[in-house]
>>> print(open('protein12.txt').read())   # compact mmCIF, C-alpha atoms
# COMPACT_ATOMS: atom_id res chain seq x y z
CA MET V 7 1.97 48.82 40.29
CA ILE V 8 -0.58 46.08 41.05
CA PHE V 9 -2.66 47.32 38.13
CA ASN V 10 0.35 47.00 35.79
CA ARG V 11 1.08 43.45 37.00
CA ASN V 12 -2.55 42.44 36.53
CA PHE V 13 -2.59 44.01 33.07
CA VAL V 14 0.60 42.18 32.07
CA PHE V 15 -0.84 38.91 33.44
CA LEU V 16 -4.06 39.50 31.51
CA LEU V 17 -2.15 40.12 28.30
CA PHE V 18 -0.06 37.01 28.94
CA PHE V 19 -3.20 34.95 29.62
CA ILE V 20 -4.85 36.26 26.43
CA ALA V 21 -1.74 35.49 24.39
CA ILE V 22 -1.46 31.95 25.76
CA SER V 23 -5.18 31.35 25.30
CA SER V 24 -5.06 32.70 21.75
CA PHE V 25 -2.11 30.47 20.96
CA PHE V 26 -3.87 27.36 22.25
CA LEU V 27 -7.10 28.33 20.51
CA PHE V 28 -5.19 28.79 17.24
CA TRP V 29 -3.33 25.50 17.77
CA ALA V 30 -6.58 23.67 18.54
CA PHE V 31 -8.36 25.20 15.55
CA ASN V 32 -5.43 24.47 13.23
CA SER V 33 -5.19 20.87 14.49
CA TYR V 34 -8.93 20.47 14.00
CA MET V 35 -8.72 21.79 10.43
CA ILE V 36 -5.78 19.48 9.66
CA TYR V 37 -7.73 16.55 11.12
CA GLU V 38 -10.82 17.47 9.08
CA GLN V 39 -8.77 17.79 5.90
CA LYS V 40 -7.04 14.48 6.56
CA SER V 41 -10.36 12.82 7.29
CA ALA V 42 -11.88 14.26 4.09
CA ASN V 43 -8.86 13.10 2.07
CA GLU V 44 -9.07 9.61 3.55
CA ASP V 45 -12.76 9.42 2.64
CA ILE V 46 -11.89 10.40 -0.93
CA MET V 47 -9.07 7.84 -1.08
CA ASP V 48 -11.37 5.13 0.29
CA MET V 49 -13.95 6.02 -2.35
CA TYR V 50 -11.42 5.68 -5.18
CA LEU V 51 -10.02 2.43 -3.76
CA GLU V 52 -13.53 1.01 -3.61
CA ASN V 53 -14.12 2.16 -7.19
CA LEU V 54 -10.88 0.49 -8.31
CA THR V 55 -11.77 -2.74 -6.53
CA LYS V 56 -15.19 -2.73 -8.16
CA GLU V 57 -13.73 -2.28 -11.68
CA ILE V 58 -11.15 -5.04 -11.18
CA ARG V 59 -13.82 -7.40 -9.86
CA LYS V 60 -16.09 -6.58 -12.81
CA ASN V 61 -13.35 -7.38 -15.33
CA LYS V 62 -12.48 -10.60 -13.53
CA GLU V 63 -16.11 -11.69 -13.57
CA LEU V 64 -16.42 -10.92 -17.29
CA VAL V 65 -13.41 -12.97 -18.34
CA LEU V 66 -14.31 -15.80 -15.98
CA THR V 67 -17.87 -16.01 -17.30
CA SER V 68 -16.55 -15.97 -20.87
CA ALA V 69 -14.09 -18.79 -20.16
CA VAL V 70 -16.73 -20.95 -18.45
CA LEU V 71 -19.15 -20.56 -21.36
CA LEU V 72 -16.45 -21.44 -23.91
CA SER V 73 -15.33 -24.49 -21.93
CA LYS V 74 -18.77 -26.09 -22.28
CA ASN V 75 -18.62 -26.25 -26.08
CA SER V 76 -18.40 -29.70 -27.65
CA ASP V 77 -16.11 -28.44 -30.45
CA ILE V 78 -13.54 -27.34 -27.87
CA LYS V 79 -13.69 -30.69 -26.10
CA ARG V 80 -13.38 -32.60 -29.35
CA CYS V 81 -10.41 -30.67 -30.68
CA LEU V 82 -8.53 -31.05 -27.37
CA LYS V 83 -9.14 -34.81 -27.48
CA THR V 84 -8.11 -35.11 -31.13
CA ASN V 85 -5.40 -32.43 -31.06
CA ASN V 86 -7.15 -30.70 -33.99
CA LYS V 87 -6.59 -26.94 -33.80
CA LYS V 88 -8.59 -26.12 -36.92
CA GLU V 89 -11.96 -26.94 -35.37
CA CYS V 90 -11.23 -24.89 -32.26
CA VAL V 91 -9.86 -21.88 -34.11
CA LYS V 92 -12.94 -21.50 -36.31
CA TYR V 93 -15.31 -21.73 -33.35
CA LEU V 94 -13.27 -19.47 -31.09
CA GLN V 95 -12.85 -16.74 -33.71
CA LYS V 96 -16.62 -16.58 -34.05
CA SER V 97 -17.09 -16.68 -30.26
CA LYS V 98 -14.55 -13.92 -29.74
CA GLN V 99 -16.37 -11.65 -32.18
CA SER V 100 -19.62 -12.31 -30.35
CA LEU V 101 -18.00 -11.29 -27.06
CA VAL V 102 -16.60 -8.09 -28.58
CA ASN V 103 -19.98 -7.26 -30.13
CA THR V 104 -21.63 -7.30 -26.70
CA SER V 105 -19.62 -4.12 -25.87
CA LEU V 106 -18.44 -5.77 -22.67
CA PHE V 107 -14.96 -5.91 -24.18
CA LYS V 108 -13.12 -3.70 -26.64
CA ASP V 109 -11.02 -6.77 -27.15
CA VAL V 110 -10.61 -10.14 -25.50
CA LYS V 111 -7.81 -12.64 -25.95
CA ILE V 112 -8.47 -16.38 -25.90
CA HIS V 113 -5.86 -18.98 -25.02
CA LEU V 114 -6.37 -22.74 -25.08
CA HIS V 115 -4.13 -25.02 -23.01
CA LYS V 116 -3.42 -28.73 -23.21
CA LYS V 117 -3.83 -30.96 -20.17
CA ASN V 118 -0.04 -31.12 -19.70
CA LEU V 119 -0.02 -27.32 -19.19
CA GLN V 120 1.37 -26.58 -22.61
CA SER V 121 -0.09 -23.85 -24.77
CA PHE V 122 -2.31 -25.39 -27.49
CA PHE V 123 -2.69 -22.05 -29.26
CA ARG V 124 -3.20 -18.37 -28.61
CA LEU V 125 -6.01 -17.10 -30.82
CA TRP V 126 -4.30 -13.71 -31.28
CA ASP V 127 -0.94 -15.27 -32.20
CA LEU V 128 -1.79 -18.28 -34.37
CA ASN V 129 1.32 -18.05 -36.52
CA ASN V 130 3.57 -18.60 -33.51
CA SER V 131 1.80 -21.50 -31.78
CA LYS V 132 4.63 -23.69 -30.50
CA ASN V 133 3.03 -25.61 -27.61
CA ASP V 134 5.32 -23.82 -25.17
CA SER V 135 5.22 -25.00 -21.56
CA LEU V 136 3.43 -22.80 -19.03
CA LYS V 137 3.95 -24.84 -15.88
CA GLU V 138 6.94 -22.87 -14.58
CA PHE V 139 5.15 -19.55 -14.09
CA ARG V 140 1.38 -20.02 -14.51
CA ASP V 141 0.30 -21.05 -11.00
CA CYS V 142 -3.33 -20.15 -11.68
CA LEU V 143 -3.39 -22.74 -14.48
CA LYS V 144 -1.97 -25.40 -12.18
CA ILE V 145 -4.62 -24.69 -9.56
CA VAL V 146 -7.41 -24.91 -12.15
CA LYS V 147 -6.04 -28.28 -13.32
CA ASN V 148 -5.68 -29.66 -9.79
CA GLU V 149 -9.02 -28.44 -8.48
CA LYS V 150 -10.98 -28.57 -11.77
CA ILE V 151 -12.70 -25.35 -10.72
CA PRO V 152 -12.79 -22.09 -12.76
CA LYS V 153 -10.63 -19.28 -11.39
CA ALA V 154 -10.18 -15.57 -12.06
CA CYS V 155 -6.74 -14.17 -11.40
CA ILE V 156 -4.17 -11.57 -12.34
CA GLU V 157 -1.06 -13.32 -13.54
CA ILE V 158 2.11 -12.62 -15.50
CA GLY V 159 2.55 -14.63 -18.68
CA ARG V 160 4.48 -14.37 -21.91
CA PHE V 161 2.26 -11.50 -23.05
CA SER V 162 2.47 -9.41 -19.85
CA MET V 163 0.54 -9.14 -16.59
CA LEU V 164 -3.13 -9.54 -17.47
CA ILE V 165 -6.59 -10.20 -16.03
CA ARG V 166 -7.46 -13.83 -16.69
CA GLY V 167 -10.49 -16.07 -16.40
CA ILE V 168 -9.59 -19.76 -16.67
CA SER V 169 -11.98 -22.68 -16.87
CA PRO V 170 -11.18 -26.39 -17.00
CA VAL V 171 -12.44 -28.30 -20.04
CA VAL V 172 -13.85 -31.54 -18.67
CA GLU V 173 -15.81 -34.37 -20.26
CA ASN V 174 -17.21 -37.28 -18.24
CA GLY V 175 -14.88 -36.38 -15.40
CA GLU V 176 -11.79 -36.40 -17.62
CA TYR V 177 -9.66 -33.24 -17.61
CA LEU V 178 -8.89 -32.37 -21.24
CA GLY V 179 -7.18 -29.01 -20.74
CA SER V 180 -8.31 -25.47 -20.00
CA ILE V 181 -9.44 -22.34 -21.76
CA GLU V 182 -8.61 -18.78 -20.83
CA ALA V 183 -10.29 -15.47 -21.62
CA ILE V 184 -7.94 -12.52 -21.09
CA THR V 185 -8.19 -8.76 -20.95
CA ASP V 186 -5.71 -6.03 -20.07
CA PHE V 187 -6.23 -2.98 -17.85
CA SER V 188 -7.19 -0.55 -20.64
CA SER V 189 -10.89 -0.31 -19.77
CA ILE V 190 -10.09 0.39 -16.11
CA ILE V 191 -7.56 3.06 -17.10
CA GLU V 192 -10.19 4.65 -19.37
CA HIS V 193 -12.77 4.48 -16.58
CA PHE V 194 -10.58 6.58 -14.29
CA LYS V 195 -9.59 8.88 -17.12
CA ASP V 196 -13.28 9.78 -17.46
CA LEU V 197 -13.19 10.75 -13.77
CA GLY V 198 -10.18 13.01 -14.32
CA ILE V 199 -7.79 10.58 -12.63
CA LYS V 200 -4.79 8.75 -14.02
CA LEU V 201 -4.34 5.08 -13.23
CA TYR V 202 -0.92 3.51 -13.68
CA VAL V 203 -0.50 -0.26 -13.65
CA LEU V 204 2.97 -1.31 -12.54
CA MET V 205 4.47 -4.78 -12.78
CA ASP V 206 7.28 -5.62 -10.38
CA LYS V 207 10.48 -5.47 -12.39
CA LYS V 208 11.79 -8.77 -11.03
CA TYR V 209 9.26 -10.53 -13.30
CA ILE V 210 10.40 -8.82 -16.51
CA SER V 211 11.96 -12.05 -17.81
CA ILE V 212 8.53 -13.77 -18.04
CA PRO V 213 6.75 -11.65 -20.71
CA THR V 214 9.14 -12.67 -23.49
CA LYS V 215 6.65 -11.79 -26.25
CA ILE V 216 6.54 -8.12 -25.28
CA GLU V 217 9.11 -5.47 -26.10
CA PHE V 218 8.76 -2.78 -23.48
CA LYS V 219 9.79 0.76 -24.40
CA LYS V 220 12.60 2.32 -22.41
CA GLU V 221 10.15 4.86 -20.95
CA GLN V 222 8.18 2.00 -19.40
CA ILE V 223 11.11 0.47 -17.54
CA LEU V 224 11.73 2.08 -14.17
CA LYS V 225 14.10 1.16 -11.38
CA ASN V 226 11.65 -1.11 -9.55
CA TYR V 227 8.72 -1.46 -11.92
CA VAL V 228 7.59 -1.78 -15.51
CA VAL V 229 4.70 0.53 -16.44
CA LEU V 230 2.08 -1.42 -18.40
CA ASN V 231 0.09 1.58 -19.64
CA ASN V 232 -0.01 1.49 -23.44
CA LYS V 233 0.03 5.27 -23.83
CA LEU V 234 3.53 6.54 -23.26
CA GLU V 235 4.13 9.67 -21.21
CA ASP V 236 6.61 10.96 -18.67
CA PHE V 237 6.65 8.26 -15.97
CA SER V 238 9.67 9.71 -14.15
CA PHE V 239 7.60 10.72 -11.10
CA LEU V 240 7.07 6.98 -10.48
CA ASP V 241 10.77 6.14 -10.69
CA ASN V 242 12.85 5.29 -7.61
CA GLN V 243 9.61 4.53 -5.76
CA GLU V 244 8.83 1.37 -3.84
CA PHE V 245 5.10 1.01 -3.38
CA LYS V 246 4.20 -1.42 -0.64
CA TYR V 247 0.91 -1.97 1.15
CA THR V 248 -1.97 0.45 0.56
CA ALA V 249 -1.29 4.11 1.28
CA TYR V 250 -1.21 7.58 -0.21
CA VAL V 251 1.35 10.36 -0.32
CA LYS V 252 1.03 14.04 -1.15
CA ARG V 253 3.13 15.54 -3.86
CA SER V 254 3.23 19.20 -4.95
CA ASN V 255 -0.34 19.49 -6.27
CA TYR V 256 -1.58 15.91 -6.34
CA TYR V 257 -1.79 12.71 -4.35
CA LEU V 258 -0.48 9.27 -5.27
CA LEU V 259 -2.77 6.54 -3.99
CA TYR V 260 -1.35 3.07 -4.37
CA THR V 261 -2.40 -0.48 -3.58
CA PRO V 262 -0.81 -3.89 -4.33
CA ILE V 263 -1.65 -6.28 -7.16
CA TYR V 264 -1.60 -9.87 -5.93
CA ASN V 265 -1.45 -13.12 -7.85
CA ILE V 266 -3.50 -16.16 -6.89
CA ASN V 267 -0.88 -17.13 -4.28
CA LYS V 268 -1.28 -13.74 -2.56
CA GLU V 269 2.18 -12.63 -3.69
CA GLN V 270 2.54 -8.99 -4.68
CA ILE V 271 3.40 -8.87 -8.39
CA GLY V 272 2.67 -5.21 -9.04
CA THR V 273 0.93 -2.06 -7.91
CA TYR V 274 -1.96 0.14 -8.96
CA VAL V 275 -1.13 3.85 -8.66
CA LEU V 276 -3.81 6.52 -8.90
CA LYS V 277 -2.73 10.12 -9.53
CA ILE V 278 -5.39 12.32 -7.95
CA TYR V 279 -5.64 16.07 -8.01
CA ILE V 280 -7.62 17.44 -5.04
>>> encode(input="protein12.txt", output="structure tokens")
Amino acid sequence: MIFNRNFVFLLFFIAISSFFLFWAFNSYMIYEQKSANEDIMDMYLENLTKEIRKNKELVLTSAVLLSKNSDIKRCLKTNNKKECVKYLQKSKQSLVNTSLFKDVKIHLHKKNLQSFFRLWDLNNSKNDSLKEFRDCLKIVKNEKIPKACIEIGRFSMLIRGISPVVENGEYLGSIEAITDFSSIIEHFKDLGIKLYVLMDKKYISIPTKIEFKKEQILKNYVVLNNKLEDFSFLDNQEFKYTAYVKRSNYYLLYTPIYNINKEQIGTYVLKIYI
């Protein structure tokens, strides 16, 4: 009888011990997997940050170099577009030929924060006012210091480098070199990862020169990727802060896009298969 009780107790002890060992091992494996996933996510976030910073530095450097040119200063003082256009078309081609850009857009602004002309849209230059929504421009004018920023304008949310054009201390206007997110999207595509750039839908009234396709317009966001595909998995989502979530066979890693005032104007979403 005592032997039977001891045997039952032993079996019970082994069962309990096995359960706790299994629980501990399973918890350890979950922790290790989570830790490994977080390391991977951190790596991709760092990669994304590096690519954004690189593009910002490129457009900022381009804008600063262009702002030093005497032709630009002269045409802003004399309100003569012809001189500027000829010089900037040549300068743009030089920038593209360096292979740093597949394309770069150049925008010249008057000192009253009106558009002087957009080099890519010369036929529609109407000196439209930018002061209502281009905070980065206002800061450049007030501080007379070059700035790189991501900002929403009439031609979408773009990466911008803006430099004041100054002569003998007089602020004449500013010049802007602009690129989109295509090169960053291509960079991640080469790594087997999809990057989606989302603009907060509440700003959709600002880019009046863009006609977004219906596939790009979601409940909360507008997808800025040029290549159309099924974006439905991004619909009904509200991406705040920096985090990641697991879906069926992939992860969505997301992080905010801020303007120069530290307001969230969009979100980067990486689709990662692990």
>>> atom_distance(input="protein12.txt", atom1="CA of Val251 (chain V)", atom2="CA of Thr185 (chain V)")
29.7 Å
>>> residues_around(input="protein12.txt", residues="region 262-264 of chain V", least_positions_apart="6", cutoff="10 Å", atoms="all atoms listed in the file", output="PDB file with C-alpha atoms, in the frame of the given file")
ATOM      1  CA  CYS V 155      -6.740 -14.170 -11.400  1.00  0.00           C
ATOM      2  CA  ILE V 156      -4.170 -11.570 -12.340  1.00  0.00           C
ATOM      3  CA  GLU V 157      -1.060 -13.320 -13.540  1.00  0.00           C
ATOM      4  CA  VAL V 203      -0.500  -0.260 -13.650  1.00  0.00           C
ATOM      5  CA  LEU V 204       2.970  -1.310 -12.540  1.00  0.00           C
ATOM      6  CA  MET V 205       4.470  -4.780 -12.780  1.00  0.00           C
ATOM      7  CA  ASP V 206       7.280  -5.620 -10.380  1.00  0.00           C
ATOM      8  CA  PHE V 245       5.100   1.010  -3.380  1.00  0.00           C
ATOM      9  CA  LYS V 246       4.200  -1.420  -0.640  1.00  0.00           C
ATOM     10  CA  TYR V 247       0.910  -1.970   1.150  1.00  0.00           C
ATOM     11  CA  THR V 248      -1.970   0.450   0.560  1.00  0.00           C
ATOM     12  CA  ALA V 249      -1.290   4.110   1.280  1.00  0.00           C
ATOM     13  CA  GLN V 270       2.540  -8.990  -4.680  1.00  0.00           C
ATOM     14  CA  ILE V 271       3.400  -8.870  -8.390  1.00  0.00           C
ATOM     15  CA  GLY V 272       2.670  -5.210  -9.040  1.00  0.00           C
ATOM     16  CA  THR V 273       0.930  -2.060  -7.910  1.00  0.00           C
ATOM     17  CA  TYR V 274      -1.960   0.140  -8.960  1.00  0.00           C
ATOM     18  CA  VAL V 275      -1.130   3.850  -8.660  1.00  0.00           C
TER      19      VAL V 275
END
>>> axis_aligned_box(input="protein12.txt", around="region 225-238 of chain V", padding_each_side="3 Å", output="JSON")
{"center_x": 7.0, "center_y": 4.6, "center_z": -16.7, "size_x": 20.1, "size_y": 18.7, "size_z": 20.3}
>>> closest_atom_pairs(input="protein12.txt", of="region 178-232 of chain V", to="region 47-69 of chain V", cutoff="12 Å", atoms="only C-alpha atoms", output="CSV")
residue,atom,partner,partner_atom,distance
V:Ser180,CA,V:Ala69,CA,8.8
V:Ile181,CA,V:Ala69,CA,6.1
V:Glu182,CA,V:Ala69,CA,5.5
V:Ala183,CA,V:Val65,CA,5.2
V:Ile184,CA,V:Val65,CA,6.1
V:Thr185,CA,V:Val65,CA,7.2
V:Asp186,CA,V:Asn61,CA,9.1
V:Phe187,CA,V:Ile58,CA,8.5
V:Ser188,CA,V:Asn61,CA,10.6
V:Ser189,CA,V:Asn61,CA,8.7
V:Ile190,CA,V:Glu57,CA,6.3
V:Ile191,CA,V:Leu54,CA,9.7
V:Glu192,CA,V:Glu57,CA,10.9
V:His193,CA,V:Glu57,CA,8.4
V:Phe194,CA,V:Leu54,CA,8.5
V:Leu197,CA,V:Tyr50,CA,10.1
V:Gly198,CA,V:Tyr50,CA,11.8
V:Ile199,CA,V:Tyr50,CA,9.6
V:Lys200,CA,V:Tyr50,CA,11.5
V:Leu201,CA,V:Leu54,CA,9.4
V:Tyr202,CA,V:Leu54,CA,11.7
V:Val203,CA,V:Leu54,CA,11.7
>>> write_last_selection(input="protein12.txt", atoms="C-alpha atoms", output="PDB file, in the frame of the given file")
ATOM      1  CA  SER V 180      -8.310 -25.470 -20.000  1.00  0.00           C
ATOM      2  CA  ILE V 181      -9.440 -22.340 -21.760  1.00  0.00           C
ATOM      3  CA  GLU V 182      -8.610 -18.780 -20.830  1.00  0.00           C
ATOM      4  CA  ALA V 183     -10.290 -15.470 -21.620  1.00  0.00           C
ATOM      5  CA  ILE V 184      -7.940 -12.520 -21.090  1.00  0.00           C
ATOM      6  CA  THR V 185      -8.190  -8.760 -20.950  1.00  0.00           C
ATOM      7  CA  ASP V 186      -5.710  -6.030 -20.070  1.00  0.00           C
ATOM      8  CA  PHE V 187      -6.230  -2.980 -17.850  1.00  0.00           C
ATOM      9  CA  SER V 188      -7.190  -0.550 -20.640  1.00  0.00           C
ATOM     10  CA  SER V 189     -10.890  -0.310 -19.770  1.00  0.00           C
ATOM     11  CA  ILE V 190     -10.090   0.390 -16.110  1.00  0.00           C
ATOM     12  CA  ILE V 191      -7.560   3.060 -17.100  1.00  0.00           C
ATOM     13  CA  GLU V 192     -10.190   4.650 -19.370  1.00  0.00           C
ATOM     14  CA  HIS V 193     -12.770   4.480 -16.580  1.00  0.00           C
ATOM     15  CA  PHE V 194     -10.580   6.580 -14.290  1.00  0.00           C
ATOM     16  CA  LEU V 197     -13.190  10.750 -13.770  1.00  0.00           C
ATOM     17  CA  GLY V 198     -10.180  13.010 -14.320  1.00  0.00           C
ATOM     18  CA  ILE V 199      -7.790  10.580 -12.630  1.00  0.00           C
ATOM     19  CA  LYS V 200      -4.790   8.750 -14.020  1.00  0.00           C
ATOM     20  CA  LEU V 201      -4.340   5.080 -13.230  1.00  0.00           C
ATOM     21  CA  TYR V 202      -0.920   3.510 -13.680  1.00  0.00           C
ATOM     22  CA  VAL V 203      -0.500  -0.260 -13.650  1.00  0.00           C
TER      23      VAL V 203
END
>>> residues_around(input="protein12.txt", residues="Glu217 (chain V)", least_positions_apart="5", cutoff="12 Å", atoms="all atoms listed in the file", output="list of chain:residue names")
V:Arg160, V:Phe161, V:Ser162, V:Ile210, V:Ser211, V:Ile212, V:Gln222, V:Ile223, V:Val228, V:Leu230, V:Asn232
>>> residues_around(input="protein12.txt", residues="His113 (chain V)", least_positions_apart="4", cutoff="12 Å", atoms="all atoms listed in the file", output="PyMOL selection string")
chain V and resi 65+68-69+72-73+78+87+90-91+94-95+98+119-128+131+133+136+143+159-161+166-169+179-185
>>> atom_distance(input="protein12.txt", atom1="CA of Lys195 (chain V)", atom2="CA of Ile278 (chain V)")
10.7 Å
>>> residues_around(input="protein12.txt", residues="Asn255 (chain V)", least_positions_apart="3", cutoff="9 Å", atoms="only C-alpha atoms", output="list in words")
Lys252, Ile278, Tyr279 and Ile280 of chain V
>>> atom_distance(input="protein12.txt", atom1="CA of Glu244 (chain V)", atom2="CA of Thr214 (chain V)")
24.2 Å
>>> closest_residue(input="protein12.txt", among="V:Val70, V:Ser76, V:Lys111, V:Tyr256", to="Lys153 (chain V)", atoms="all atoms listed in the file")
V:Val70
>>> residues_around(input="protein12.txt", residues="Asp77 (chain V)", least_positions_apart="2", cutoff="9 Å", atoms="only C-alpha atoms", output="ChimeraX atom specification")
/V:74-75,79-82,89-90,93
>>> closest_residue(input="protein12.txt", among="V:Ser238, V:Lys220, V:Leu258, V:Ile266", to="Ala154 (chain V)", atoms="all atoms listed in the file")
V:Ile266
>>> closest_residue(input="protein12.txt", among="V:Ile112, V:Tyr209, V:Asp236, V:Asn130", to="Glu221 (chain V)", atoms="all atoms listed in the file")
V:Asp236
>>> decode(input="protein12.txt", residues="region 259-276 of chain V", atoms="C-alpha atoms", output="compact mmCIF listing (two decimals), in the first residue's frame")
# COMPACT_ATOMS: atom_id res chain seq x y z
CA LEU V 259 6.76 46.84 -39.13
CA TYR V 260 5.65 50.44 -39.02
CA THR V 261 7.06 53.76 -37.87
CA PRO V 262 5.77 57.36 -38.12
CA ILE V 263 6.70 60.00 -40.69
CA TYR V 264 7.04 63.41 -39.03
CA ASN V 265 7.11 66.87 -40.55
CA ILE V 266 9.48 69.58 -39.34
CA ASN V 267 7.07 70.44 -36.50
CA LYS V 268 7.23 66.84 -35.21
CA GLU V 269 3.63 66.19 -36.29
CA GLN V 270 2.89 62.74 -37.68
CA ILE V 271 1.87 63.15 -41.32
CA GLY V 272 2.22 59.55 -42.44
CA THR V 273 3.71 56.15 -41.79
CA TYR V 274 6.34 53.85 -43.25
CA VAL V 275 5.18 50.22 -43.35
CA LEU V 276 7.58 47.37 -44.05
